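Note: the block below is input_10.csv and it holds CSV, C-alpha atoms and all ligand atoms.
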chain,number,residue,atom,x,y,z
A,36,MET,CA,125.2,262.9,314.3
A,37,LYS,CA,124.5,262.2,317.9
A,38,SER,CA,127.4,263.0,320.2
A,39,VAL,CA,128.3,261.1,323.4
A,40,GLU,CA,129.9,262.8,326.3
A,41,VAL,CA,132.1,260.5,328.4
A,42,VAL,CA,134.0,261.3,331.5
A,43,VAL,CA,136.9,259.0,332.5
A,44,VAL,CA,138.0,259.2,336.1
A,45,VAL,CA,141.6,258.4,337.3
A,46,GLY,CA,143.3,259.1,340.5
A,47,ALA,CA,145.9,256.7,341.7
A,48,ARG,CA,149.0,255.1,340.1
A,49,PRO,CA,147.4,251.8,339.1
A,50,ASN,CA,144.6,253.6,337.3
A,51,PHE,CA,146.8,255.3,334.7
A,52,MET,CA,147.9,252.2,332.7
A,53,LYS,CA,144.3,251.0,332.6
A,54,ALA,CA,142.9,254.3,331.3
A,55,ALA,CA,145.5,254.9,328.6
A,56,PRO,CA,144.2,252.2,326.1
A,57,LEU,CA,140.6,253.1,326.8
A,58,LEU,CA,141.1,256.8,326.0
A,59,ARG,CA,142.8,255.8,322.8
A,60,GLU,CA,140.0,253.5,321.8
A,61,LEU,CA,137.4,256.1,322.7
A,62,GLY,CA,139.3,258.5,320.4
A,63,ALA,CA,138.5,256.3,317.4
A,64,TYR,CA,134.9,257.3,317.6
A,65,PRO,CA,134.3,260.8,316.2
A,66,ALA,CA,130.9,261.1,317.9
A,67,VAL,CA,132.5,260.5,321.4
A,68,HIS,CA,133.9,263.4,323.3
A,69,SER,CA,136.0,262.3,326.4
A,70,THR,CA,137.0,264.3,329.4
A,71,LEU,CA,139.8,263.0,331.5
A,72,VAL,CA,139.5,263.8,335.2
A,73,HIS,CA,142.3,263.3,337.6
A,74,THR,CA,141.1,263.4,341.2
A,75,GLY,CA,144.6,264.1,342.5
A,76,GLN,CA,144.6,261.1,344.9
A,77,HIS,CA,148.2,260.6,343.8
A,78,TYR,CA,150.1,263.7,343.1
A,79,ASP,CA,153.9,263.1,343.4
A,80,GLU,CA,155.8,263.4,340.1
A,81,GLU,CA,156.8,259.7,340.3
A,82,MET,CA,153.3,258.5,341.4
A,83,SER,CA,151.4,260.3,338.7
A,84,ARG,CA,153.0,262.6,336.1
A,85,VAL,CA,155.6,260.2,334.9
A,86,PHE,CA,152.9,257.7,333.8
A,87,PHE,CA,151.1,260.4,331.8
A,88,GLN,CA,154.4,261.1,330.0
A,89,GLU,CA,155.5,257.5,329.4
A,90,LEU,CA,152.1,256.1,328.4
A,91,ASN,CA,151.3,259.1,326.1
A,92,LEU,CA,148.2,259.9,328.2
A,93,PRO,CA,146.7,263.2,327.4
A,94,GLU,CA,147.0,265.9,330.1
A,95,PRO,CA,144.0,265.6,332.4
A,96,ASP,CA,141.3,268.1,331.3
A,97,VAL,CA,140.5,268.6,335.0
A,98,ASP,CA,142.6,268.0,338.1
A,99,LEU,CA,140.5,267.9,341.3
A,100,GLU,CA,143.7,268.1,343.4
A,101,VAL,CA,142.2,266.4,346.4
A,102,GLY,CA,145.5,265.0,347.7
A,103,SER,CA,145.9,262.6,350.7
A,104,GLY,CA,143.7,262.2,353.7
A,105,SER,CA,141.7,259.6,355.6
A,106,HIS,CA,139.5,257.4,353.5
A,107,ALA,CA,136.4,259.4,354.4
A,108,GLU,CA,138.1,262.7,353.8
A,109,GLN,CA,139.6,261.6,350.5
A,110,THR,CA,136.4,260.0,349.2
A,111,ALA,CA,134.2,262.8,350.4
A,112,GLU,CA,136.4,265.5,348.9
A,113,ILE,CA,136.5,263.8,345.5
A,114,MET,CA,132.7,263.5,345.6
A,115,LEU,CA,132.2,267.1,346.4
A,116,ARG,CA,134.5,268.3,343.7
A,117,PHE,CA,133.5,265.7,341.1
A,118,GLU,CA,129.8,266.4,341.6
A,119,ARG,CA,130.2,270.1,340.6
A,120,LEU,CA,132.1,269.0,337.5
A,121,VAL,CA,129.5,266.4,336.6
A,122,ASP,CA,126.8,269.1,336.9
A,123,GLU,CA,128.7,271.3,334.5
A,124,ILE,CA,129.5,268.6,331.9
A,125,ASP,CA,126.3,266.6,332.2
A,126,PRO,CA,128.0,263.4,330.7
A,127,ASP,CA,126.2,260.5,329.1
A,128,LEU,CA,128.6,258.0,330.8
A,129,VAL,CA,131.2,258.0,333.6
A,130,VAL,CA,134.0,255.5,333.4
A,131,VAL,CA,135.8,254.4,336.5
A,132,VAL,CA,138.7,252.0,336.7
A,133,GLY,CA,140.1,249.6,339.4
A,134,ASP,CA,139.4,249.7,343.1
A,135,VAL,CA,140.9,252.9,344.6
A,136,ASN,CA,139.0,255.6,346.5
A,137,SER,CA,138.7,257.6,343.4
A,138,THR,CA,136.9,254.7,341.7
A,139,LEU,CA,134.2,254.5,344.3
A,140,ALA,CA,133.8,258.3,344.7
A,141,GLY,CA,133.4,258.7,340.9
A,142,ALA,CA,130.8,255.9,340.7
A,143,LEU,CA,128.8,257.2,343.7
A,144,VAL,CA,128.5,260.7,342.3
A,145,ALA,CA,127.5,259.5,338.9
A,146,ALA,CA,125.0,256.9,340.1
A,147,LYS,CA,123.3,259.4,342.3
A,148,ARG,CA,123.0,261.9,339.4
A,149,GLY,CA,121.4,259.1,337.3
A,150,ILE,CA,124.4,258.9,335.0
A,151,PRO,CA,125.3,255.4,333.7
A,152,VAL,CA,128.6,254.1,335.1
A,153,ALA,CA,131.1,251.8,333.4
A,154,HIS,CA,133.5,249.9,335.8
A,155,VAL,CA,136.7,248.7,334.2
A,156,GLU,CA,138.1,245.7,336.2
A,157,ALA,CA,134.8,244.7,337.7
A,158,GLY,CA,134.0,241.6,339.7
A,159,LEU,CA,137.3,241.1,341.5
A,160,ARG,CA,136.9,239.9,345.1
A,161,SER,CA,139.5,239.1,347.8
A,162,PHE,CA,136.7,238.3,350.2
A,163,ASP,CA,138.7,240.2,352.8
A,164,PRO,CA,136.6,243.1,354.1
A,165,SER,CA,139.6,244.5,355.9
A,166,MET,CA,141.0,245.7,352.6
A,167,PRO,CA,139.7,249.1,351.7
A,168,GLU,CA,139.8,248.1,348.0
A,169,GLU,CA,137.4,245.3,348.7
A,170,ILE,CA,134.8,247.7,349.9
A,171,ASN,CA,135.5,250.0,346.9
A,172,ARG,CA,135.0,247.0,344.5
A,173,ARG,CA,131.8,245.8,345.9
A,174,LEU,CA,130.1,249.1,346.1
A,175,THR,CA,131.4,250.3,342.7
A,176,ASP,CA,130.1,247.1,341.1
A,177,ALA,CA,126.7,247.5,342.8
A,178,LEU,CA,126.4,251.0,341.3
A,179,SER,CA,127.6,250.3,337.8
A,180,ASP,CA,125.7,249.7,334.6
A,181,PHE,CA,128.5,248.3,332.5
A,182,LEU,CA,130.7,245.8,334.4
A,183,PHE,CA,133.8,245.0,332.3
A,184,THR,CA,135.5,241.9,333.8
A,185,PRO,CA,138.9,240.5,333.2
A,186,SER,CA,138.2,236.8,334.0
A,187,ALA,CA,135.5,234.2,334.5
A,188,ASP,CA,135.9,234.2,338.3
A,189,ALA,CA,134.9,237.9,338.3
A,190,ASP,CA,131.7,237.1,336.3
A,191,GLU,CA,130.9,234.4,338.9
A,192,ASN,CA,131.4,236.8,341.8
A,193,LEU,CA,129.0,239.3,340.2
A,194,ARG,CA,126.3,236.7,339.5
A,195,ARG,CA,126.6,235.6,343.1
A,196,GLU,CA,125.9,239.1,344.2
A,197,GLY,CA,122.8,239.2,342.2
A,198,ILE,CA,124.0,241.4,339.4
A,199,ASP,CA,122.0,241.0,336.3
A,200,GLU,CA,123.7,239.1,333.4
A,201,SER,CA,122.9,241.9,331.0
A,202,ARG,CA,125.3,244.2,332.9
A,203,ILE,CA,128.3,241.8,332.8
A,204,PHE,CA,130.8,241.9,329.9
A,205,ARG,CA,133.9,239.8,330.0
A,206,THR,CA,136.2,241.9,327.9
A,207,GLY,CA,139.6,240.9,329.3
A,208,ASN,CA,142.4,242.6,331.1
A,209,VAL,CA,143.0,246.2,330.0
A,210,MET,CA,146.3,246.5,332.0
A,211,VAL,CA,147.7,243.8,329.7
A,212,ASP,CA,146.8,246.0,326.7
A,213,THR,CA,149.3,248.5,328.1
A,214,LEU,CA,151.9,245.9,329.0
A,215,LEU,CA,152.0,244.4,325.5
A,216,GLU,CA,152.0,247.8,323.9
A,217,PHE,CA,155.0,249.1,326.0
A,218,ARG,CA,157.0,245.9,326.5
A,219,GLU,CA,159.4,246.6,323.7
A,220,ARG,CA,159.9,250.2,324.7
A,221,ALA,CA,160.5,249.0,328.3
A,222,GLU,CA,163.2,246.6,327.1
A,223,LYS,CA,165.3,249.7,326.1
A,224,SER,CA,165.2,251.1,329.7
A,225,PRO,CA,168.7,251.5,331.1
A,226,ILE,CA,167.6,250.9,334.6
A,227,ARG,CA,169.3,247.5,335.1
A,228,GLU,CA,172.6,249.0,333.9
A,229,LYS,CA,172.1,252.0,336.1
A,230,LEU,CA,171.6,249.8,339.1
A,231,GLY,CA,174.6,247.6,338.2
A,232,LEU,CA,172.3,244.5,337.8
A,233,ASP,CA,173.4,243.7,334.3
A,234,GLY,CA,174.0,240.0,333.8
A,235,GLU,CA,173.1,239.3,337.4
A,236,GLY,CA,169.9,237.6,338.6
A,237,TYR,CA,167.9,239.6,341.1
A,238,ALA,CA,164.6,239.7,343.0
A,239,PHE,CA,162.2,242.6,342.6
A,240,LEU,CA,160.1,243.6,345.6
A,241,THR,CA,157.2,245.9,346.1
A,242,LEU,CA,155.1,246.4,349.3
A,243,HIS,CA,152.5,249.0,350.1
A,244,ARG,CA,149.3,247.4,351.6
A,245,PRO,CA,148.4,249.0,354.9
A,246,SER,CA,148.0,245.5,356.3
A,247,ASN,CA,151.7,244.8,355.6
A,248,VAL,CA,153.3,248.2,356.2
A,249,ASP,CA,151.3,250.0,358.9
A,250,ASP,CA,151.9,247.5,361.7
A,251,ARG,CA,155.5,247.6,363.0
A,252,ARG,CA,155.7,243.9,363.9
A,253,THR,CA,154.3,242.7,360.6
A,254,LEU,CA,156.6,245.0,358.6
A,255,ALA,CA,159.6,244.1,360.7
A,256,GLY,CA,159.0,240.4,360.1
A,257,LEU,CA,158.8,240.9,356.4
A,258,ILE,CA,161.8,243.1,356.3
A,259,GLY,CA,163.8,240.4,358.2
A,260,ALA,CA,162.8,237.9,355.5
A,261,PHE,CA,163.8,240.3,352.7
A,262,ALA,CA,167.2,240.9,354.4
A,263,GLU,CA,167.7,237.2,354.5
A,264,LEU,CA,166.7,236.8,350.9
A,265,ALA,CA,169.2,239.5,350.0
A,266,ARG,CA,172.0,237.2,351.2
A,267,GLU,CA,171.1,234.8,348.4
A,268,ILE,CA,170.2,237.2,345.5
A,269,PRO,CA,170.3,240.9,345.0
A,270,VAL,CA,167.0,242.5,346.0
A,271,VAL,CA,165.6,245.7,344.4
A,272,PHE,CA,162.8,247.4,346.3
A,273,PRO,CA,161.2,250.5,344.9
A,274,ALA,CA,159.3,251.8,347.9
A,275,HIS,CA,155.9,253.4,347.8
A,276,PRO,CA,155.7,256.7,349.8
A,277,ARG,CA,153.6,255.1,352.5
A,278,THR,CA,156.2,252.3,352.9
A,279,ALA,CA,159.2,254.6,352.8
A,280,GLU,CA,157.6,256.7,355.6
A,281,ARG,CA,156.9,253.6,357.7
A,282,LEU,CA,160.4,252.2,357.2
A,283,ARG,CA,161.7,255.5,358.5
A,284,THR,CA,159.4,255.9,361.5
A,285,PHE,CA,159.7,252.2,362.5
A,286,GLY,CA,163.5,252.4,362.2
A,287,LEU,CA,163.7,249.6,359.7
A,288,GLN,CA,165.6,251.3,357.0
A,289,ASP,CA,169.0,250.4,358.5
A,290,GLU,CA,168.3,246.7,358.4
A,291,LEU,CA,167.6,246.8,354.7
A,292,ASP,CA,170.7,248.9,354.1
A,293,ALA,CA,172.9,246.6,356.1
A,294,ALA,CA,171.5,243.6,354.1
A,295,GLY,CA,172.3,245.4,350.8
A,296,VAL,CA,168.6,245.6,349.7
A,297,ARG,CA,168.4,248.4,347.1
A,298,VAL,CA,165.6,250.6,348.3
A,299,LEU,CA,164.6,253.0,345.5
A,300,GLU,CA,162.2,255.8,344.9
A,301,PRO,CA,158.9,254.7,343.1
A,302,LEU,CA,159.7,253.8,339.5
A,303,GLY,CA,158.0,254.9,336.3
A,304,TYR,CA,156.1,252.4,334.2
A,305,LEU,CA,158.9,251.5,331.8
A,306,ASP,CA,161.6,251.0,334.4
A,307,CYS,CA,159.3,249.0,336.5
A,308,LEU,CA,158.2,246.8,333.6
A,309,HIS,CA,161.8,246.3,332.5
A,310,LEU,CA,162.9,245.2,336.0
A,311,MET,CA,160.0,242.8,336.4
A,312,ASP,CA,160.5,241.3,332.9
A,313,HIS,CA,164.2,240.5,333.8
A,314,ALA,CA,163.7,239.4,337.4
A,315,ARG,CA,164.2,235.9,338.5
A,316,LEU,CA,161.6,236.4,341.2
A,317,VAL,CA,159.0,239.1,342.1
A,318,VAL,CA,157.7,239.5,345.6
A,319,THR,CA,154.7,241.8,346.0
A,320,ASP,CA,151.5,242.8,347.6
A,321,SER,CA,150.2,244.7,344.6
A,322,GLY,CA,147.2,243.5,342.6
A,323,GLY,CA,148.5,244.7,339.2
A,324,ILE,CA,151.9,243.1,339.6
A,325,GLN,CA,150.3,239.7,340.1
A,326,GLU,CA,148.8,240.1,336.7
A,327,GLU,CA,151.8,241.5,335.0
A,328,THR,CA,154.1,238.8,336.2
A,329,THR,CA,151.7,236.2,334.9
A,330,VAL,CA,151.8,237.7,331.4
A,331,LEU,CA,155.6,238.1,331.6
A,332,GLY,CA,156.0,234.5,332.8
A,333,VAL,CA,158.0,235.5,335.9
A,334,PRO,CA,157.5,233.8,339.2
A,335,CYS,CA,155.5,235.9,341.7
A,336,LEU,CA,155.0,235.5,345.4
A,337,THR,CA,152.1,237.5,346.8
A,338,VAL,CA,152.7,238.5,350.4
A,339,ARG,CA,149.0,238.5,351.4
A,340,GLU,CA,146.5,236.1,352.8
A,341,SER,CA,144.2,236.3,349.8
A,342,THR,CA,144.1,237.5,346.2
A,343,GLU,CA,141.2,239.1,344.2
A,344,ARG,CA,143.0,237.7,341.1
A,345,PRO,CA,142.8,233.9,341.6
A,346,VAL,CA,143.3,233.4,337.8
A,347,THR,CA,146.9,234.4,338.3
A,348,VAL,CA,147.3,231.5,340.7
A,349,GLU,CA,145.2,229.0,338.8
A,350,GLU,CA,146.6,229.7,335.4
A,351,GLY,CA,149.6,232.0,335.9
A,352,THR,CA,152.9,232.2,337.8
A,353,ASN,CA,151.5,233.6,341.1
A,354,GLN,CA,151.5,232.0,344.5
A,355,VAL,CA,149.8,233.5,347.5
A,356,VAL,CA,152.3,232.9,350.4
A,357,GLY,CA,150.8,235.0,353.2
A,358,ARG,CA,152.8,237.2,355.6
A,359,ASP,CA,154.7,234.5,357.5
A,360,PRO,CA,158.4,235.3,356.8
A,361,GLU,CA,159.5,231.6,356.9
A,362,ARG,CA,156.9,230.5,354.4
A,363,MET,CA,157.7,233.4,352.1
A,364,LEU,CA,161.4,232.5,352.2
A,365,ALA,CA,160.8,228.8,351.5
A,366,ALA,CA,158.6,229.7,348.5
A,367,ALA,CA,161.3,232.2,347.3
A,368,ARG,CA,163.9,229.5,347.4
A,369,ARG,CA,161.7,227.0,345.6
A,370,ALA,CA,160.9,229.6,342.9
A,371,LEU,CA,164.6,230.5,342.5
A,372,ASP,CA,165.3,226.8,342.0
A,373,GLY,CA,162.9,226.9,339.1
A,374,LYS,CA,160.2,224.9,341.0
A,375,GLY,CA,157.6,227.6,340.8
A,376,PRO,CA,154.5,227.3,338.7
A,377,GLN,CA,155.1,227.7,334.9
A,378,GLY,CA,151.8,229.2,334.1
A,379,ARG,CA,150.0,230.4,330.9
A,380,VAL,CA,148.4,233.7,329.9
A,381,PRO,CA,144.6,233.7,330.7
A,382,SER,CA,142.2,234.1,327.9
A,383,LEU,CA,141.4,237.6,326.7
A,384,TRP,CA,144.6,239.0,328.2
A,385,ASP,CA,145.6,239.7,324.7
A,386,GLY,CA,146.0,243.4,324.2
A,387,LYS,CA,142.5,244.0,322.9
A,388,ALA,CA,140.5,244.5,326.1
A,389,ALA,CA,140.0,248.2,325.7
A,390,ARG,CA,138.8,247.8,322.1
A,391,ARG,CA,136.2,245.2,323.3
A,392,MET,CA,135.0,247.5,326.1
A,393,VAL,CA,134.6,250.5,323.8
A,394,GLU,CA,132.8,248.4,321.2
A,395,VAL,CA,130.2,247.4,323.9
A,396,LEU,CA,129.7,251.1,324.8
A,397,ALA,CA,129.6,252.2,321.1
A,398,ASP,CA,127.0,249.7,320.4
A,399,HIS,CA,124.9,250.8,323.3
A,400,PHE,CA,125.2,254.5,322.3
A,401,GLY,CA,124.8,253.7,318.6
A,402,VAL,CA,128.0,255.4,317.4
A,403,GLU,CA,130.5,254.1,314.9
A,404,ALA,CA,134.3,254.1,314.7
A,405,ARG,CA,136.1,256.3,312.3
A,406,ASP,CA,137.0,253.4,310.1
A,407,PRO,CA,134.9,250.5,311.2
A,408,ASP,CA,136.2,248.2,308.4
A,409,ALA,CA,139.8,248.6,309.3
A,410,ARG,CA,139.0,247.9,313.0
A,411,GLY,CA,137.1,244.6,312.6
A,412,SER,CA,139.0,242.0,314.6
B,1,LIG,C1,146.1,253.6,346.9
B,1,LIG,C2,145.0,252.7,346.8
B,1,LIG,C3,145.5,251.3,346.6
B,1,LIG,C4,146.5,251.2,345.5
B,1,LIG,C5,147.6,252.2,345.7
B,1,LIG,C6,148.7,252.2,344.7
B,1,LIG,C7,143.0,253.3,347.9
B,1,LIG,C8,142.1,252.9,349.1
B,1,LIG,N1,144.1,252.7,347.9
B,1,LIG,O1,146.8,253.3,348.1
B,1,LIG,O2,144.4,250.4,346.3
B,1,LIG,O3,147.1,249.9,345.5
B,1,LIG,O4,147.0,253.5,345.8
B,1,LIG,O5,149.7,253.0,345.0
B,1,LIG,O6,142.5,254.0,347.1
B,1,LIG,N2,151.4,259.6,349.1
B,1,LIG,C9,152.5,260.4,348.6
B,1,LIG,N3,152.4,260.9,347.4
B,1,LIG,C10,151.4,260.5,346.5
B,1,LIG,C11,150.4,259.7,347.0
B,1,LIG,C12,150.4,259.3,348.3
B,1,LIG,O7,153.4,260.7,349.4
B,1,LIG,O8,151.5,261.0,345.3
B,1,LIG,C13,151.5,259.2,350.5
B,1,LIG,C14,150.7,260.0,351.4
B,1,LIG,O9,151.4,260.0,352.7
B,1,LIG,C15,149.4,259.2,351.6
B,1,LIG,C16,149.8,257.8,351.5
B,1,LIG,O10,150.9,257.9,350.5
B,1,LIG,O11,148.7,259.5,352.8
B,1,LIG,C17,148.8,256.9,351.0
B,1,LIG,O12,148.2,257.3,349.8
B,1,LIG,P1,146.7,256.9,349.4
B,1,LIG,O13,146.4,257.4,348.0
B,1,LIG,O14,145.8,257.3,350.5
B,1,LIG,O15,146.7,255.4,349.4
B,1,LIG,P2,147.8,254.3,348.8
B,1,LIG,O16,148.4,253.6,349.9
B,1,LIG,O17,148.7,255.0,347.8

Structure translated into structure tokens:
Amino acid sequence: MKSVEVVVVVGARPNFMKAAPLLRELGAYPAVHSTLVHTGQHYDEEMSRVFFQELNLPEPDVDLEVGSGSHAEQTAEIMLRFERLVDEIDPDLVVVVGDVNSTLAGALVAAKRGIPVAHVEAGLRSFDPSMPEEINRRLTDALSDFLFTPSADADENLRREGIDESRIFRTGNVMVDTLLEFRERAEKSPIREKLGLDGEGYAFLTLHRPSNVDDRRTLAGLIGAFAELAREIPVVFPAHPRTAERLRTFGLQDELDAAGVRVLEPLGYLDCLHLMDHARLVVTDSGGIQEETTVLGVPCLTVRESTERPVTVEEGTNQVVGRDPERMLAAARRALDGKGPQGRVPSLWDGKAARRMVEVLADHFGVEARDPDARGS
């Protein structure tokens, strides 16, 4: 029987929960051999390893260990190291996920070697070219042969960019596969108890976009608003390493401490999901969290001027409130009063996205699942 060699590239925190269900589905096809490549873009225990353990991801077959650097350094270093690996493995397909530098670097190398590329989470657009991720998204989509989209707006964006219909596959949201699979396990996390939040309502906050944390005035304005919010409700704030570093160098940590904001180390997947699931309000600039709160039915305020995930606003519980502290606070108070959008879960965010993606690929490569009858859905 023909065998198909697939390389799956991951590198940064939001990639891991998207790759986990895909790898599992690929594993159901005996003729498919997958190699998991970690670029090493994220390398701290709590930014990377903990996700592998919690999500039952296999150890990466290869770690390119690129580490941090400027965008050019990081992207170029991944390309150099990944190209050597691709030459060695000679895969039939390279799968990249999301919109981080590792995504673009993987797609570029594969496309230039004439290897088909599948992009998971294709078609999202914030239309904000100052976001590094927006550049990664547009370029990765332009290079990809299989564009797996989570929502109709993404299909539209791709069509508008002239991408041929035959390359677009609306398969749903793969991150939701992981959320639904692990929600019960996350429920058992002792994190609320550990933080003394049991029985109390609280707001959950994350912030890491360069546009929010790299400029002192912008960050100081937001921190002032969070300190204000903390007078009304306990605020829990797991800080990304970039943010923690900025809080220190800009001297803003004291203000958070004085207001009683609970600044934590980055959390693992299960603790994070648990805290979101029980929060009265989530405030974030993350992409994935906008989607997760929509599925959990928790009000979400996105502290950005745009979102590449408009379906979370149109159908879900998300509101894009910008960076103006007053506007953010007013929206937070409304949401805490129960006046935020109620929302529903978008279609195909049903836990089966990875299966649909792998079925498309299997069909293309002409391979069959181990037990196709049992899998029919
Ligand atoms: C990256 C992604 C972003 C994603 C985010 C999730 C790009 C362009 N950006 O941003 O889309 O939302 O991951 O976290 O790919 N650092 C550590 N330990 C780590 C990793 C990073 O301390 O394990 C620190 C380093 O100082 C590094 C900085 O964080 O310079 C930024 O890391 P980087 O991977 O460049 O970008 P993120 O801000 O994490």

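Distances here use all atoms listed in the file; by that measure, the residue among A:Thr74, A:Ser103, A:Ser69, A:Gln354 closest to A:Val130 is A:Ser69.
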
Non-local contacts of A:Phe239 (12 Å; only C-alpha atoms; under 4 positions in same chain excluded) as a PyMOL selection string: chain A and resi 227+232+261+264-265+268-274+296-299+302+306-320+324+328+333-336+367

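Using only C-alpha atoms, the contacts of A:Ser341 at a cut-off of 12 Å, with sequence neighbours closer than 2 positions omitted, comprise Leu159, Arg160, Ser161, Phe162, Asp163, Pro164, Ser165, Met166, Glu169, Ser246, Asp320, Ser321, Gly322, Gln325, Leu336, Thr337, Val338, Arg339, Glu343, Arg344, Pro345, Thr347, Val348, Asn353, Gln354, Val355, Val356, Gly357 and Arg358 of chain A.
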
Can you write out the residues you just picked, keeping C-alpha atoms, as a tab-separated table (two decimals), in the coordinates of the input?
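As written to disk, part.tsv reads:
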chain	number	residue	atom	x	y	z
A	159	LEU	CA	137.30	241.10	341.50
A	160	ARG	CA	136.90	239.90	345.10
A	161	SER	CA	139.50	239.10	347.80
A	162	PHE	CA	136.70	238.30	350.20
A	163	ASP	CA	138.70	240.20	352.80
A	164	PRO	CA	136.60	243.10	354.10
A	165	SER	CA	139.60	244.50	355.90
A	166	MET	CA	141.00	245.70	352.60
A	169	GLU	CA	137.40	245.30	348.70
A	246	SER	CA	148.00	245.50	356.30
A	320	ASP	CA	151.50	242.80	347.60
A	321	SER	CA	150.20	244.70	344.60
A	322	GLY	CA	147.20	243.50	342.60
A	325	GLN	CA	150.30	239.70	340.10
A	336	LEU	CA	155.00	235.50	345.40
A	337	THR	CA	152.10	237.50	346.80
A	338	VAL	CA	152.70	238.50	350.40
A	339	ARG	CA	149.00	238.50	351.40
A	343	GLU	CA	141.20	239.10	344.20
A	344	ARG	CA	143.00	237.70	341.10
A	345	PRO	CA	142.80	233.90	341.60
A	347	THR	CA	146.90	234.40	338.30
A	348	VAL	CA	147.30	231.50	340.70
A	353	ASN	CA	151.50	233.60	341.10
A	354	GLN	CA	151.50	232.00	344.50
A	355	VAL	CA	149.80	233.50	347.50
A	356	VAL	CA	152.30	232.90	350.40
A	357	GLY	CA	150.80	235.00	353.20
A	358	ARG	CA	152.80	237.20	355.60

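Considering all atoms listed in the file, the residues that reside within 6 Å of ligand LIG 1 (chain B) can be listed as Ala47, Arg48, Pro49, Gln76, His77, Tyr78, Asp79, Met82, Ser103, Gly104, Asp134, Val135, Asn136, Pro167, Glu168, Pro276 and Arg277 of chain A.
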
From A:Leu282, A:Leu120, A:Leu215, A:Ala366, residue lying nearest A:Ala145 [all atoms listed in the file]: A:Leu120

For A:Arg148, the nearest of the candidates A:Ile170, A:Leu178, A:Leu287, A:Leu331, counting only C-alpha atoms: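 That would be A:Leu178, the residue with the smallest distance to A:Arg148.
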
Polymer residues at most 6 Å from stretch 51-65 of chain A, all atoms listed in the file, same-chain spacing of 4 or more positions, as an MDAnalysis selection string: chainID A and resid 92 209:210 389:390 404:405

Write a file of the selected residues as a compact mmCIF listing (two decimals), in the frame of the given file, keeping C-alpha atoms.
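After the write, selection_25.txt holds the following:
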# COMPACT_ATOMS: atom_id res chain seq x y z
CA LEU A 92 148.20 259.90 328.20
CA VAL A 209 143.00 246.20 330.00
CA MET A 210 146.30 246.50 332.00
CA ALA A 389 140.00 248.20 325.70
CA ARG A 390 138.80 247.80 322.10
CA ALA A 404 134.30 254.10 314.70
CA ARG A 405 136.10 256.30 312.30

Taking the partial coordinates given, rebuild stretch 162-173 of chain A to contain N, CA and C atoms; return it as a PDB file, in the coordinates of the input.
ATOM      1  N   PHE A 162     137.482 238.780 349.101  1.00  0.00           N
ATOM      2  CA  PHE A 162     136.700 238.300 350.200  1.00  0.00           C
ATOM      3  C   PHE A 162     137.315 238.655 351.570  1.00  0.00           C
ATOM      4  N   ASP A 163     138.098 239.708 351.557  1.00  0.00           N
ATOM      5  CA  ASP A 163     138.700 240.200 352.800  1.00  0.00           C
ATOM      6  C   ASP A 163     138.225 241.617 353.031  1.00  0.00           C
ATOM      7  N   PRO A 164     137.211 241.735 353.899  1.00  0.00           N
ATOM      8  CA  PRO A 164     136.600 243.100 354.100  1.00  0.00           C
ATOM      9  C   PRO A 164     137.501 244.053 354.795  1.00  0.00           C
ATOM     10  N   SER A 165     138.661 243.586 355.303  1.00  0.00           N
ATOM     11  CA  SER A 165     139.600 244.500 355.900  1.00  0.00           C
ATOM     12  C   SER A 165     140.380 245.320 354.898  1.00  0.00           C
ATOM     13  N   MET A 166     140.286 244.906 353.640  1.00  0.00           N
ATOM     14  CA  MET A 166     141.000 245.700 352.600  1.00  0.00           C
ATOM     15  C   MET A 166     140.092 246.801 352.126  1.00  0.00           C
ATOM     16  N   PRO A 167     140.576 248.023 352.179  1.00  0.00           N
ATOM     17  CA  PRO A 167     139.700 249.100 351.700  1.00  0.00           C
ATOM     18  C   PRO A 167     139.280 248.937 350.258  1.00  0.00           C
ATOM     19  N   GLU A 168     140.155 248.305 349.461  1.00  0.00           N
ATOM     20  CA  GLU A 168     139.800 248.100 348.000  1.00  0.00           C
ATOM     21  C   GLU A 168     138.632 247.173 347.878  1.00  0.00           C
ATOM     22  N   GLU A 169     138.469 246.211 348.799  1.00  0.00           N
ATOM     23  CA  GLU A 169     137.400 245.300 348.700  1.00  0.00           C
ATOM     24  C   GLU A 169     136.035 246.004 348.815  1.00  0.00           C
ATOM     25  N   ILE A 170     135.999 246.938 349.741  1.00  0.00           N
ATOM     26  CA  ILE A 170     134.800 247.700 349.900  1.00  0.00           C
ATOM     27  C   ILE A 170     134.542 248.564 348.652  1.00  0.00           C
ATOM     28  N   ASN A 171     135.599 249.168 348.150  1.00  0.00           N
ATOM     29  CA  ASN A 171     135.500 250.000 346.900  1.00  0.00           C
ATOM     30  C   ASN A 171     134.946 249.119 345.762  1.00  0.00           C
ATOM     31  N   ARG A 172     135.455 247.892 345.648  1.00  0.00           N
ATOM     32  CA  ARG A 172     135.000 247.000 344.500  1.00  0.00           C
ATOM     33  C   ARG A 172     133.565 246.668 344.610  1.00  0.00           C
ATOM     34  N   ARG A 173     133.149 246.220 345.787  1.00  0.00           N
ATOM     35  CA  ARG A 173     131.800 245.800 345.900  1.00  0.00           C
ATOM     36  C   ARG A 173     130.779 246.878 345.661  1.00  0.00           C
TER      37      ARG A 173
END
